[in-house]
$ cat structure.pdb   # PDB, C-alpha atoms, pLDDT in the B column
ATOM      1  CA  MET C   1      90.289  87.898-196.676  1.00 44.00           C
ATOM      2  CA  SER C   2      89.446  89.484-199.945  1.00 47.00           C
ATOM      3  CA  GLY C   3      85.940  90.820-200.215  1.00 51.00           C
ATOM      4  CA  THR C   4      85.375  91.298-196.523  1.00 52.00           C
ATOM      5  CA  SER C   5      84.328  94.684-195.177  1.00 59.00           C
ATOM      6  CA  PHE C   6      87.571  94.908-193.213  1.00 61.00           C
ATOM      7  CA  ASP C   7      89.722  95.359-196.301  1.00 83.00           C
ATOM      8  CA  LEU C   8      88.610  98.779-197.435  1.00 85.00           C
ATOM      9  CA  PRO C   9      89.162 100.784-194.215  1.00 88.00           C
ATOM     10  CA  LEU C  10      92.495  99.060-193.698  1.00 91.00           C
ATOM     11  CA  PHE C  11      93.749 100.013-197.139  1.00 92.00           C
ATOM     12  CA  VAL C  12      92.397 103.546-196.790  1.00 93.00           C
ATOM     13  CA  ALA C  13      94.156 103.871-193.436  1.00 94.00           C
ATOM     14  CA  VAL C  14      97.470 102.631-194.844  1.00 95.00           C
ATOM     15  CA  MET C  15      97.205 105.052-197.771  1.00 95.00           C
ATOM     16  CA  GLY C  16      96.236 107.844-195.387  1.00 96.00           C
ATOM     17  CA  VAL C  17      99.263 107.309-193.160  1.00 96.00           C
ATOM     18  CA  ALA C  18     101.509 107.276-196.216  1.00 97.00           C
ATOM     19  CA  ALA C  19      99.828 110.469-197.471  1.00 97.00           C
ATOM     20  CA  VAL C  20     100.455 112.216-194.153  1.00 97.00           C
ATOM     21  CA  ALA C  21     104.098 111.108-194.202  1.00 97.00           C
ATOM     22  CA  SER C  22     104.612 112.376-197.747  1.00 97.00           C
ATOM     23  CA  ALA C  23     102.883 115.684-196.883  1.00 96.00           C
ATOM     24  CA  TYR C  24     105.300 116.106-193.984  1.00 96.00           C
ATOM     25  CA  LEU C  25     108.173 115.331-196.353  1.00 96.00           C
ATOM     26  CA  VAL C  26     106.976 118.043-198.736  1.00 95.00           C
ATOM     27  CA  ILE C  27     107.403 120.767-196.135  1.00 94.00           C
ATOM     28  CA  ARG C  28     110.478 119.314-194.442  1.00 93.00           C
ATOM     29  CA  ALA C  29     112.722 118.094-197.276  1.00 92.00           C
ATOM     30  CA  ARG C  30     115.804 120.294-197.608  1.00 89.00           C
ATOM     31  CA  ASP C  31     115.982 119.958-201.373  1.00 90.00           C
ATOM     32  CA  LEU C  32     113.010 121.321-203.269  1.00 91.00           C
ATOM     33  CA  VAL C  33     113.347 118.584-205.894  1.00 92.00           C
ATOM     34  CA  TYR C  34     112.786 115.931-203.236  1.00 93.00           C
ATOM     35  CA  ALA C  35     109.879 117.973-201.897  1.00 94.00           C
ATOM     36  CA  SER C  36     108.337 118.019-205.369  1.00 94.00           C
ATOM     37  CA  VAL C  37     108.787 114.259-205.708  1.00 94.00           C
ATOM     38  CA  ALA C  38     107.064 113.864-202.339  1.00 96.00           C
ATOM     39  CA  LEU C  39     104.239 116.027-203.690  1.00 95.00           C
ATOM     40  CA  ALA C  40     103.911 113.668-206.655  1.00 95.00           C
ATOM     41  CA  VAL C  41     103.738 110.730-204.240  1.00 96.00           C
ATOM     42  CA  LEU C  42     101.105 112.603-202.218  1.00 96.00           C
ATOM     43  CA  GLY C  43      99.020 113.150-205.355  1.00 96.00           C
ATOM     44  CA  SER C  44      99.278 109.465-206.253  1.00 96.00           C
ATOM     45  CA  LEU C  45      98.229 108.446-202.740  1.00 96.00           C
ATOM     46  CA  THR C  46      95.295 110.862-202.864  1.00 96.00           C
ATOM     47  CA  ALA C  47      94.245 109.298-206.148  1.00 96.00           C
ATOM     48  CA  SER C  48      94.561 105.815-204.679  1.00 95.00           C
ATOM     49  CA  ILE C  49      92.373 106.751-201.699  1.00 95.00           C
ATOM     50  CA  LEU C  50      89.746 108.187-204.037  1.00 94.00           C
ATOM     51  CA  ALA C  51      89.932 105.027-206.168  1.00 94.00           C
ATOM     52  CA  LEU C  52      89.397 102.917-203.063  1.00 92.00           C
ATOM     53  CA  LEU C  53      86.351 105.049-202.234  1.00 91.00           C
ATOM     54  CA  GLY C  54      84.888 104.344-205.671  1.00 89.00           C
ATOM     55  CA  LEU C  55      85.892 107.404-207.690  1.00 91.00           C
ATOM     56  CA  GLY C  56      88.051 105.638-210.251  1.00 93.00           C
ATOM     57  CA  ILE C  57      87.622 108.167-213.042  1.00 94.00           C
ATOM     58  CA  VAL C  58      88.654 111.079-210.839  1.00 95.00           C
ATOM     59  CA  ALA C  59      91.617 109.056-209.582  1.00 95.00           C
ATOM     60  CA  ALA C  60      92.768 108.318-213.123  1.00 96.00           C
ATOM     61  CA  TYR C  61      92.334 111.983-214.032  1.00 96.00           C
ATOM     62  CA  ILE C  62      94.391 113.076-211.026  1.00 95.00           C
ATOM     63  CA  VAL C  63      97.204 110.702-211.902  1.00 95.00           C
ATOM     64  CA  LEU C  64      97.222 111.691-215.568  1.00 95.00           C
ATOM     65  CA  VAL C  65      96.674 115.446-215.392  1.00 95.00           C
ATOM     66  CA  TYR C  66      97.738 116.541-211.922  1.00 94.00           C
ATOM     67  CA  VAL C  67     100.659 114.229-211.182  1.00 94.00           C
ATOM     68  CA  GLY C  68     101.614 113.619-214.784  1.00 94.00           C
ATOM     69  CA  ALA C  69     101.514 117.214-215.945  1.00 92.00           C
ATOM     70  CA  ALA C  70     101.342 119.784-213.155  1.00 90.00           C
ATOM     71  CA  VAL C  71     103.656 118.210-210.598  1.00 89.00           C
ATOM     72  CA  MET C  72     106.083 117.087-213.286  1.00 90.00           C
ATOM     73  CA  PHE C  73     106.113 120.689-214.490  1.00 92.00           C
ATOM     74  CA  ILE C  74     107.063 121.807-210.983  1.00 90.00           C
ATOM     75  CA  ILE C  75     109.793 119.165-210.742  1.00 91.00           C
ATOM     76  CA  ILE C  76     111.310 120.108-214.085  1.00 91.00           C
ATOM     77  CA  THR C  77     111.139 123.818-213.284  1.00 90.00           C
ATOM     78  CA  ILE C  78     112.831 123.422-209.912  1.00 89.00           C
ATOM     79  CA  SER C  79     115.458 121.124-211.395  1.00 88.00           C
ATOM     80  CA  MET C  80     116.289 123.670-214.096  1.00 87.00           C
ATOM     81  CA  LEU C  81     116.230 126.559-211.623  1.00 83.00           C
ATOM     82  CA  GLY C  82     118.952 125.042-209.479  1.00 78.00           C
ATOM     83  CA  PRO C  83     119.660 126.152-205.916  1.00 70.00           C
ATOM     84  CA  THR C  84     117.483 129.111-205.028  1.00 65.00           C
ATOM     85  CA  GLY C  85     119.518 130.570-202.195  1.00 59.00           C
ATOM     86  CA  MET C  86     119.145 130.330-198.474  1.00 58.00           C
ATOM     87  CA  GLU C  87     115.753 129.325-197.197  1.00 65.00           C
ATOM     88  CA  GLU C  88     114.623 130.299-193.743  1.00 63.00           C
ATOM     89  CA  GLN C  89     112.210 128.058-191.947  1.00 64.00           C
ATOM     90  CA  GLU C  90     111.008 129.451-188.675  1.00 63.00           C
ATOM     91  CA  ALA C  91     108.977 127.170-186.498  1.00 60.00           C
ATOM     92  CA  MET C  92     107.351 130.092-184.713  1.00 60.00           C
ATOM     93  CA  ARG C  93     106.583 132.053-187.852  1.00 58.00           C
ATOM     94  CA  GLY C  94     103.279 130.240-188.166  1.00 55.00           C
ATOM     95  CA  VAL C  95     102.290 131.296-184.685  1.00 56.00           C
ATOM     96  CA  ILE C  96     103.360 134.863-185.385  1.00 56.00           C
ATOM     97  CA  VAL C  97     101.404 135.002-188.618  1.00 54.00           C
ATOM     98  CA  ALA C  98      98.435 133.395-186.949  1.00 55.00           C
ATOM     99  CA  SER C  99      98.200 136.087-184.296  1.00 59.00           C
ATOM    100  CA  PRO C 100      95.574 138.558-185.510  1.00 58.00           C
ATOM    101  CA  ARG C 101      97.526 141.746-185.030  1.00 53.00           C
ATOM    102  CA  ARG C 102     100.641 140.557-186.843  1.00 55.00           C
ATOM    103  CA  PHE C 103      98.463 139.057-189.565  1.00 57.00           C
ATOM    104  CA  ARG C 104      96.839 142.425-190.148  1.00 56.00           C
ATOM    105  CA  ALA C 105     100.262 144.054-190.191  1.00 55.00           C
ATOM    106  CA  TYR C 106     101.577 141.494-192.692  1.00 55.00           C
ATOM    107  CA  THR C 107      98.702 141.708-195.089  1.00 58.00           C
ATOM    108  CA  GLY C 108      98.403 145.453-194.857  1.00 60.00           C
ATOM    109  CA  LEU C 109      94.674 145.298-194.359  1.00 57.00           C
ATOM    110  CA  TRP C 110      94.833 147.982-191.725  1.00 53.00           C
ATOM    111  CA  ALA C 111      96.989 150.184-193.894  1.00 57.00           C
ATOM    112  CA  GLU C 112      94.466 149.868-196.708  1.00 59.00           C
ATOM    113  CA  ALA C 113      91.585 150.514-194.373  1.00 57.00           C
ATOM    114  CA  LEU C 114      93.330 153.583-192.960  1.00 55.00           C
ATOM    115  CA  ARG C 115      94.248 155.014-196.350  1.00 59.00           C
ATOM    116  CA  PRO C 116      91.450 157.641-196.315  1.00 61.00           C
ATOM    117  CA  LEU C 117      92.523 158.651-192.806  1.00 60.00           C
ATOM    118  CA  ARG C 118      96.212 159.130-193.643  1.00 58.00           C
ATOM    119  CA  SER C 119      95.843 162.888-193.735  1.00 62.00           C
ATOM    120  CA  THR C 120      94.681 162.975-190.138  1.00 65.00           C
ATOM    121  CA  ARG C 121      96.828 162.748-187.063  1.00 63.00           C
ATOM    122  CA  PHE C 122      95.259 159.409-186.140  1.00 61.00           C
ATOM    123  CA  GLY C 123      96.073 157.991-189.545  1.00 60.00           C
ATOM    124  CA  GLN C 124      99.722 159.069-189.283  1.00 64.00           C
ATOM    125  CA  ARG C 125     100.048 157.465-185.890  1.00 63.00           C
ATOM    126  CA  SER C 126      98.445 154.200-187.033  1.00 59.00           C
ATOM    127  CA  ALA C 127     100.582 153.986-190.144  1.00 60.00           C
ATOM    128  CA  ARG C 128     103.710 154.556-188.068  1.00 63.00           C
ATOM    129  CA  ARG C 129     102.699 151.844-185.591  1.00 61.00           C
ATOM    130  CA  LEU C 130     102.026 149.326-188.350  1.00 58.00           C
ATOM    131  CA  GLY C 131     105.243 150.156-190.118  1.00 58.00           C
ATOM    132  CA  GLY C 132     103.541 151.153-193.328  1.00 53.00           C
ATOM    133  CA  PRO C 133     104.511 153.985-195.637  1.00 52.00           C
ATOM    134  CA  GLN C 134     103.893 157.381-194.133  1.00 50.00           C
ATOM    135  CA  GLN C 135     102.949 160.451-196.003  1.00 51.00           C
ATOM    136  CA  VAL C 136     102.885 163.958-194.738  1.00 47.00           C
ATOM    137  CA  PRO C 137      99.615 165.570-195.705  1.00 48.00           C
ATOM    138  CA  PRO C 138      99.629 168.996-197.288  1.00 50.00           C
ATOM    139  CA  GLY C 139      99.685 171.702-194.715  1.00 48.00           C
ATOM    140  CA  PHE C 140     100.827 169.315-192.021  1.00 45.00           C
ATOM    141  CA  SER C 141     104.566 169.629-191.586  1.00 46.00           C
ATOM    142  CA  ALA C 142     106.589 166.886-189.949  1.00 45.00           C
ATOM    143  CA  ASP C 143     108.388 169.510-187.870  1.00 45.00           C
ATOM    144  CA  ILE C 144     105.132 170.727-186.459  1.00 44.00           C
ATOM    145  CA  HIS C 145     104.137 167.170-185.656  1.00 45.00           C
ATOM    146  CA  ARG C 146     107.487 166.448-184.009  1.00 46.00           C
ATOM    147  CA  SER C 147     107.424 169.616-181.973  1.00 44.00           C
ATOM    148  CA  GLY C 148     103.893 168.781-180.906  1.00 45.00           C
ATOM    149  CA  ARG C 149     104.997 165.423-179.605  1.00 45.00           C
ATOM    150  CA  HIS C 150     108.003 167.003-177.961  1.00 42.00           C
ATOM    151  CA  ASN C 151     105.875 169.539-176.132  1.00 41.00           C
ATOM    152  CA  ARG C 152     103.719 166.779-174.752  1.00 39.00           C
TER     153      ARG C 152
ATOM    154  CA  MET Q   1      74.991 104.780-206.069  1.00 49.00           C
ATOM    155  CA  ILE Q   2      78.365 103.991-204.566  1.00 56.00           C
ATOM    156  CA  ILE Q   3      78.182 102.476-201.110  1.00 57.00           C
ATOM    157  CA  VAL Q   4      81.159 103.435-198.978  1.00 66.00           C
ATOM    158  CA  ASP Q   5      81.275 102.425-195.373  1.00 77.00           C
ATOM    159  CA  GLN Q   6      81.431 105.239-192.905  1.00 83.00           C
ATOM    160  CA  LEU Q   7      84.718 104.100-191.419  1.00 87.00           C
ATOM    161  CA  SER Q   8      86.551 104.594-194.718  1.00 89.00           C
ATOM    162  CA  ALA Q   9      85.048 108.048-195.169  1.00 89.00           C
ATOM    163  CA  LEU Q  10      85.980 108.921-191.597  1.00 91.00           C
ATOM    164  CA  ILE Q  11      89.580 107.836-192.192  1.00 93.00           C
ATOM    165  CA  ALA Q  12      89.663 109.950-195.353  1.00 93.00           C
ATOM    166  CA  PHE Q  13      88.345 112.955-193.407  1.00 94.00           C
ATOM    167  CA  ILE Q  14      90.952 112.538-190.675  1.00 95.00           C
ATOM    168  CA  THR Q  15      93.690 112.189-193.277  1.00 96.00           C
ATOM    169  CA  SER Q  16      92.496 115.305-195.053  1.00 96.00           C
ATOM    170  CA  ALA Q  17      92.450 117.291-191.813  1.00 96.00           C
ATOM    171  CA  VAL Q  18      96.025 116.286-190.974  1.00 97.00           C
ATOM    172  CA  VAL Q  19      97.240 116.986-194.515  1.00 97.00           C
ATOM    173  CA  ILE Q  20      95.582 120.426-194.519  1.00 96.00           C
ATOM    174  CA  ALA Q  21      97.170 121.214-191.151  1.00 96.00           C
ATOM    175  CA  ILE Q  22     100.618 120.166-192.394  1.00 96.00           C
ATOM    176  CA  GLY Q  23     100.212 122.251-195.531  1.00 96.00           C
ATOM    177  CA  SER Q  24      99.085 125.298-193.566  1.00 95.00           C
ATOM    178  CA  TYR Q  25     102.082 124.985-191.264  1.00 94.00           C
ATOM    179  CA  GLY Q  26     104.430 124.709-194.228  1.00 93.00           C
ATOM    180  CA  LEU Q  27     102.826 127.734-195.851  1.00 92.00           C
ATOM    181  CA  ALA Q  28     103.276 129.823-192.728  1.00 91.00           C
ATOM    182  CA  SER Q  29     106.726 128.665-191.688  1.00 90.00           C
ATOM    183  CA  SER Q  30     108.686 129.067-194.923  1.00 89.00           C
ATOM    184  CA  ASN Q  31     109.720 132.173-196.808  1.00 87.00           C
ATOM    185  CA  ASN Q  32     110.598 130.474-200.094  1.00 89.00           C
ATOM    186  CA  LEU Q  33     107.982 131.095-202.767  1.00 90.00           C
ATOM    187  CA  LEU Q  34     108.419 127.656-204.319  1.00 91.00           C
ATOM    188  CA  ARG Q  35     108.053 125.963-200.927  1.00 92.00           C
ATOM    189  CA  GLN Q  36     104.927 128.014-200.326  1.00 93.00           C
ATOM    190  CA  LEU Q  37     103.577 126.846-203.699  1.00 94.00           C
ATOM    191  CA  LEU Q  38     104.243 123.225-202.718  1.00 95.00           C
ATOM    192  CA  SER Q  39     102.474 123.819-199.394  1.00 95.00           C
ATOM    193  CA  VAL Q  40      99.454 125.227-201.224  1.00 95.00           C
ATOM    194  CA  GLU Q  41      99.415 122.082-203.347  1.00 95.00           C
ATOM    195  CA  VAL Q  42      99.488 119.968-200.175  1.00 96.00           C
ATOM    196  CA  ILE Q  43      96.464 121.925-198.916  1.00 96.00           C
ATOM    197  CA  PHE Q  44      94.763 121.328-202.267  1.00 95.00           C
ATOM    198  CA  ASN Q  45      95.296 117.567-201.958  1.00 95.00           C
ATOM    199  CA  GLY Q  46      93.827 117.664-198.463  1.00 96.00           C
ATOM    200  CA  LEU Q  47      90.789 119.595-199.660  1.00 95.00           C
ATOM    201  CA  LEU Q  48      90.290 117.076-202.464  1.00 94.00           C
ATOM    202  CA  LEU Q  49      90.278 114.299-199.876  1.00 94.00           C
ATOM    203  CA  LEU Q  50      87.792 116.300-197.818  1.00 94.00           C
ATOM    204  CA  VAL Q  51      85.277 117.319-200.473  1.00 94.00           C
ATOM    205  CA  LEU Q  52      85.053 114.329-202.801  1.00 93.00           C
ATOM    206  CA  PRO Q  53      84.019 111.768-200.138  1.00 90.00           C
ATOM    207  CA  ILE Q  54      81.254 114.195-199.142  1.00 90.00           C
ATOM    208  CA  LEU Q  55      79.943 114.259-202.713  1.00 90.00           C
ATOM    209  CA  ILE Q  56      80.270 110.512-203.191  1.00 86.00           C
ATOM    210  CA  GLY Q  57      76.548 109.974-202.704  1.00 84.00           C
ATOM    211  CA  ASP Q  58      76.093 111.371-206.210  1.00 88.00           C
ATOM    212  CA  PRO Q  59      78.936 109.818-208.237  1.00 87.00           C
ATOM    213  CA  TYR Q  60      78.289 111.901-211.370  1.00 91.00           C
ATOM    214  CA  MET Q  61      78.463 115.103-209.349  1.00 92.00           C
ATOM    215  CA  ALA Q  62      81.632 113.923-207.612  1.00 92.00           C
ATOM    216  CA  THR Q  63      83.239 112.985-210.929  1.00 93.00           C
ATOM    217  CA  TYR Q  64      82.433 116.264-212.650  1.00 94.00           C
ATOM    218  CA  PHE Q  65      83.441 118.276-209.609  1.00 93.00           C
ATOM    219  CA  GLY Q  66      86.727 116.383-209.260  1.00 94.00           C
ATOM    220  CA  ILE Q  67      87.613 116.791-212.934  1.00 95.00           C
ATOM    221  CA  VAL Q  68      86.877 120.525-212.913  1.00 95.00           C
ATOM    222  CA  VAL Q  69      88.760 121.148-209.672  1.00 94.00           C
ATOM    223  CA  VAL Q  70      91.831 119.170-210.743  1.00 95.00           C
ATOM    224  CA  SER Q  71      91.897 120.959-214.109  1.00 95.00           C
ATOM    225  CA  ILE Q  72      91.739 124.372-212.457  1.00 95.00           C
ATOM    226  CA  ALA Q  73      94.440 123.376-209.968  1.00 93.00           C
ATOM    227  CA  SER Q  74      96.739 122.221-212.766  1.00 93.00           C
ATOM    228  CA  VAL Q  75      96.327 125.497-214.627  1.00 94.00           C
ATOM    229  CA  GLU Q  76      96.866 127.403-211.388  1.00 94.00           C
ATOM    230  CA  VAL Q  77     100.187 125.604-210.864  1.00 93.00           C
ATOM    231  CA  VAL Q  78     101.429 126.678-214.277  1.00 93.00           C
ATOM    232  CA  VAL Q  79     100.372 130.300-213.749  1.00 94.00           C
ATOM    233  CA  VAL Q  80     101.936 130.521-210.279  1.00 94.00           C
ATOM    234  CA  VAL Q  81     105.216 128.981-211.437  1.00 93.00           C
ATOM    235  CA  ALA Q  82     105.303 131.517-214.280  1.00 93.00           C
ATOM    236  CA  ILE Q  83     104.749 134.368-211.816  1.00 92.00           C
ATOM    237  CA  ILE Q  84     107.484 133.022-209.523  1.00 91.00           C
ATOM    238  CA  LEU Q  85     109.902 132.779-212.437  1.00 90.00           C
ATOM    239  CA  ALA Q  86     109.078 136.365-213.410  1.00 89.00           C
ATOM    240  CA  PHE Q  87     109.829 137.441-209.823  1.00 85.00           C
ATOM    241  CA  MET Q  88     113.055 135.467-209.933  1.00 86.00           C
ATOM    242  CA  ARG Q  89     114.193 137.186-213.112  1.00 86.00           C
ATOM    243  CA  ALA Q  90     113.197 140.633-211.921  1.00 86.00           C
ATOM    244  CA  TYR Q  91     114.427 140.611-208.315  1.00 84.00           C
ATOM    245  CA  ARG Q  92     116.994 137.761-208.255  1.00 81.00           C
ATOM    246  CA  THR Q  93     115.411 136.244-205.180  1.00 82.00           C
ATOM    247  CA  LEU Q  94     112.723 133.775-204.237  1.00 84.00           C
ATOM    248  CA  SER Q  95     112.392 134.870-200.638  1.00 85.00           C
ATOM    249  CA  SER Q  96     109.068 136.413-199.768  1.00 81.00           C
ATOM    250  CA  SER Q  97     110.806 138.350-196.991  1.00 79.00           C
ATOM    251  CA  ASP Q  98     113.150 140.003-199.497  1.00 78.00           C
ATOM    252  CA  LEU Q  99     110.223 140.842-201.738  1.00 74.00           C
ATOM    253  CA  GLU Q 100     108.446 142.364-198.758  1.00 71.00           C
ATOM    254  CA  GLU Q 101     111.512 144.475-197.937  1.00 74.00           C
ATOM    255  CA  LYS Q 102     111.683 145.670-201.530  1.00 73.00           C
ATOM    256  CA  GLU Q 103     107.997 146.594-201.287  1.00 67.00           C
ATOM    257  CA  VAL Q 104     107.017 144.551-204.324  1.00 61.00           C
TER     258      VAL Q 104
END

$ encode --input "structure.pdb" --output "structure tokens"
Amino acid sequence: MSGTSFDLPLFVAVMGVAAVASAYLVIRARDLVYASVALAVLGSLTASILALLGLGIVAAYIVLVYVGAAVMFIIITISMLGPTGMEEQEAMRGVIVASPRRFRAYTGLWAEALRPLRSTRFGQRSARRLGGPQQVPPGFSADIHRSGRHNR
Amino acid sequence: MIIVDQLSALIAFITSAVVIAIGSYGLASSNNLLRQLLSVEVIFNGLLLLVLPILIGDPYMATYFGIVVVSIASVEVVVVVAIILAFMRAYRTLSSSDLEEKEV
């Protein structure tokens, strides 16, 4: 069966399924050392797919430089670092981060955008809503602000 | 010119899309800086599988592009690990949530 046009897509598909499985193992392995080893396997499978597609030089370069140096550096570093404490993995965190409002709150883009407006009442209210650092502008006492809200 | 059948390129594209999605999920769902670095590397592998088959019509371009991108990614790994180790020494934690609470 060698040399037929059926071989190449079959091998690429097998390597692709293995690459997806190793990528899943990278983010799901409890031990970071095993995750790093899975990353090395993923890099090797990526190189093999590229070699099957005809990019042999790039594949050899990936195996030598990326897997052989960079990923091995990660593995050695994590092995020497030891256990790095409790790790929280929240399944819904991705959804929370992906929602635009929470994403803006996380990255602080709104806080940066509102920095020139901090001295105004609108800027104080926005910073408080986003949970960012608040500053009382000169001549604008917090007591006055609180009493103003209380009167309303 | 390298002749690659469209089915193989399509399989590579599908694989790259799934790998990028898995890496993005891992990046968003974990709070460990090292795990986030590994997820970024997964995304990088997916992007490599996405871009290089597109450039395969010009093999010299694909080769040069692949070599440059892999070199930059390797250097980036070293720099990011150094930054994470500096964080670890300074704040005694690798949790991005703790770093956010400490307003780093």

$ resolve_selection --input "structure.pdb" --expression "the ChimeraX specification (/C :<6) & /Q" --output "ChimeraX atom specification"
/Q:8,15,19,26,28-30,63,66,74

$ closest_residue --input "structure.pdb" --among "Q:Val42, Q:Leu10, Q:Met61, Q:Leu34" --to "Val80 in chain Q" --atoms "all atoms listed in the file"
Q:Leu34

$ residues_around --input "structure.pdb" --residues "Leu50 in chain Q" --least-positions-apart "2" --cutoff "10 Å" --atoms "only C-alpha atoms" --output "compact mmCIF listing (two decimals) with C-alpha atoms, keeping the file's coordinate frame"
# COMPACT_ATOMS: atom_id res chain seq x y z
CA ALA Q 9 85.05 108.05 -195.17
CA LEU Q 10 85.98 108.92 -191.60
CA ALA Q 12 89.66 109.95 -195.35
CA PHE Q 13 88.34 112.96 -193.41
CA ILE Q 14 90.95 112.54 -190.68
CA THR Q 15 93.69 112.19 -193.28
CA SER Q 16 92.50 115.30 -195.05
CA ALA Q 17 92.45 117.29 -191.81
CA ILE Q 20 95.58 120.43 -194.52
CA PHE Q 44 94.76 121.33 -202.27
CA ASN Q 45 95.30 117.57 -201.96
CA GLY Q 46 93.83 117.66 -198.46
CA LEU Q 47 90.79 119.60 -199.66
CA LEU Q 48 90.29 117.08 -202.46
CA LEU Q 52 85.05 114.33 -202.80
CA PRO Q 53 84.02 111.77 -200.14
CA ILE Q 54 81.25 114.20 -199.14
CA LEU Q 55 79.94 114.26 -202.71

$ atom_distance --input "structure.pdb" --atom1 "CA of Leu94 in chain Q" --atom2 "CA of Asn31 in chain Q"
8.2 Å

$ atom_distance --input "structure.pdb" --atom1 "CA of Val41 in chain C" --atom2 "CA of Gln36 in chain Q"
17.8 Å

$ atom_distance --input "structure.pdb" --atom1 "CA of Glu41 in chain Q" --atom2 "CA of Asp58 in chain Q"
25.8 Å

$ closest_residue --input "structure.pdb" --among "Q:Ile22, Q:Leu33, Q:Ile43, Q:Ala73" --to "Met88 in chain Q" --atoms "all atoms listed in the file"
Q:Leu33
